[in-house]
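Here the structure is laid out as structure tokens; the discussion comes afterwards.
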Amino acid sequence: MKQFQKTSELQSYLQSTGKSIGFVPTMGALHEGHLALIEASKKACELSVCSIFVNPTQFNDPSDFDKYPVTLEADLEKLRNAGCDAVFYPSVSEMYPNGTADLKSYNLGFLETILEGKYRPGHFQGVCVVVDLLLQAVQPTKLFMGEKDYQQIAVVQKMLELTNSSVELVKCPTVRSAEGLALSSRNARLSEEQKIQALAIYKGFNLSSESAFKQSLLENGFESIDYVACVDPTTLLEKPYGEKPCLILVAAFLGGVRLIDNKTFS
């Protein structure tokens with residue numbers, strides 16, 4: 001597995017291969033969900049590239065950025081074992097040589113005002129900036145992202161349209177534990193007891209109302225809830241709770257850790 005920290009060296013290598021490139025952007029603390037994206041990339045493309053970069057511009061809460069788990073050596077080992085061809089782990093100064101002020105902005109429309117956009121102002125602008133920069137660095141054929149971050153996929157698709165990108169965005173199913181907990185790098189901050197409590201999210205998808213879902217979360221130790229929402233899976237516009245087809249999304253805090261998840265009902 002090739003390792004790069006400089007954009008110029010990464011590009012020099014990738015352009016010399018002449019192969020189709022699958023790209024998996026991550027913030028590290030890798031788990032089976034990330035490795036499933038690598039596997040999907042390997043099946044669809046000749047060369048698979050993973051980036052590891054904890055992006056400061058997408059954290060609207062500085063303490064969340066400070067607490068984000070960093071496990072680079074373990075991550076590199078997992079990528080090697082998964083058969084990843086190249087990994088790019090740049091510094092902040094490599095990604096943002098002119099600093100993080102006065103960055104490009106993206107007209108995301110209502111996507112930026114609902115759900116994650118509403119509760120994490122500025123978050124999706126940061127996501128677009130870094131994914132745009134990473135795509136310029138890697139220049140992949142296909143981009144692989146997980147459906148756990150469902151709204152983020154919609155935002156990145158919008159960004160690809162705004163930038164007239166030819167990159168194909170491939171959506172991959174959420175990977176869960178045997179019990180149903182959506183795998184997330186943030187789970188590393190949960191105790192074993194809290195991981196059991198967190199299963200209330202997965203079980204809550206089968207409850208018949210938003211209020212019942214919220215009540216169940218609070219009864220299982222969640223401190224607060226940003227939202228439980230029912231939307232159209234294509235447009236993300238709100239619709240009556242449980243009216244199919246629909247996507248139910250949730251964001252809630254457990255042990256100070258913000259967990260998100262979603263489930264589609266067709």
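In the structure tokens, chains take letters A, B, ... by order of appearance, with residues numbered from 1 within each chain and ligands from 1 in the order shown.
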Next item on the list: Please provide the set of residues having any atom within 10 Å of Ala86 of chain A, restricted to only C-alpha atoms, with same-chain residues fewer than 6 positions apart removed, written as a list in words.
Entry: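 The contact residues come out as Met1, Lys2, Gln3, Phe4, Leu10, Tyr13, Leu14, Phe23, Leu47, Ser48, Val49, Cys50, Ser51, Leu76, Leu79 and Arg80 of chain A.
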Select from segment 170-229 of chain A every residue with an atom at most 12 Å from any atom of segment 37-40 of chain A, then for each give the shortest pair of atoms and their distance in Å to one decimal, using only C-alpha atoms, rows by chain and rising number, as CSV.
```
residue,atom,partner,partner_atom,distance
A:Val170,CA,A:Ala40,CA,9.0
A:Lys171,CA,A:Leu37,CA,9.1
A:Cys172,CA,A:Leu37,CA,6.9
A:Pro173,CA,A:Leu37,CA,9.1
A:Thr174,CA,A:Leu37,CA,10.0
A:Val175,CA,A:Leu37,CA,9.8
```
Check: Which neighbours of Glu116 of chain A fall inside 9 Å, counting only C-alpha atoms, when residues of the same chain fewer than 2 positions from it are skipped, and could you give them as number ranges by chain?
Finding: A: 111-114, 118-121, 123-124, 151-152, 226-227, 251
Next item on the list: To one decimal in Å, tell me the separation between atom CA of His34 of chain A and atom CA of Leu207 of chain A.
Entry: 28.9 Å
Next item on the list: Find, counting only C-alpha atoms, the residue in A:Lys158, A:Lys43, A:His31, A:Lys239 that gets nearest to Asp132 of chain A.
Entry: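 Nearest candidate to Asp132 of chain A out of A:Lys158, A:Lys43, A:His31, A:Lys239: A:Lys158.
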Next item on the list: Measure the distance from atom CA of Leu254 of chain A to atom CA of Leu218 of chain A in Å and round it to one decimal.
Entry: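 It comes out at 9.5 Å.
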Per residue of segment 7-82 of chain A within 7 Å of segment 135-142 of chain A, which atom pair is closest and at what distance in Å (one decimal), using only C-alpha atoms, listed by chain and increasing number, as a Markdown table?
```
| residue | atom | partner | partner_atom | distance |
| --- | --- | --- | --- | --- |
| A:Thr7 | CA | A:Ala137 | CA | 5.9 |
| A:Gln11 | CA | A:Ala137 | CA | 6.4 |
| A:Ser20 | CA | A:Thr141 | CA | 5.8 |
| A:Ile21 | CA | A:Pro140 | CA | 4.7 |
| A:Gly22 | CA | A:Lys142 | CA | 4.9 |
| A:Phe23 | CA | A:Pro140 | CA | 6.0 |
```
Checklist line | Residue nearest Met27 of chain A - candidates A:Asp61, A:Ser184, A:Ser166, A:Lys78, atoms counted: only C-alpha atoms | finding: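 That would be A:Ser184, the residue with the smallest distance to Met27 of chain A.
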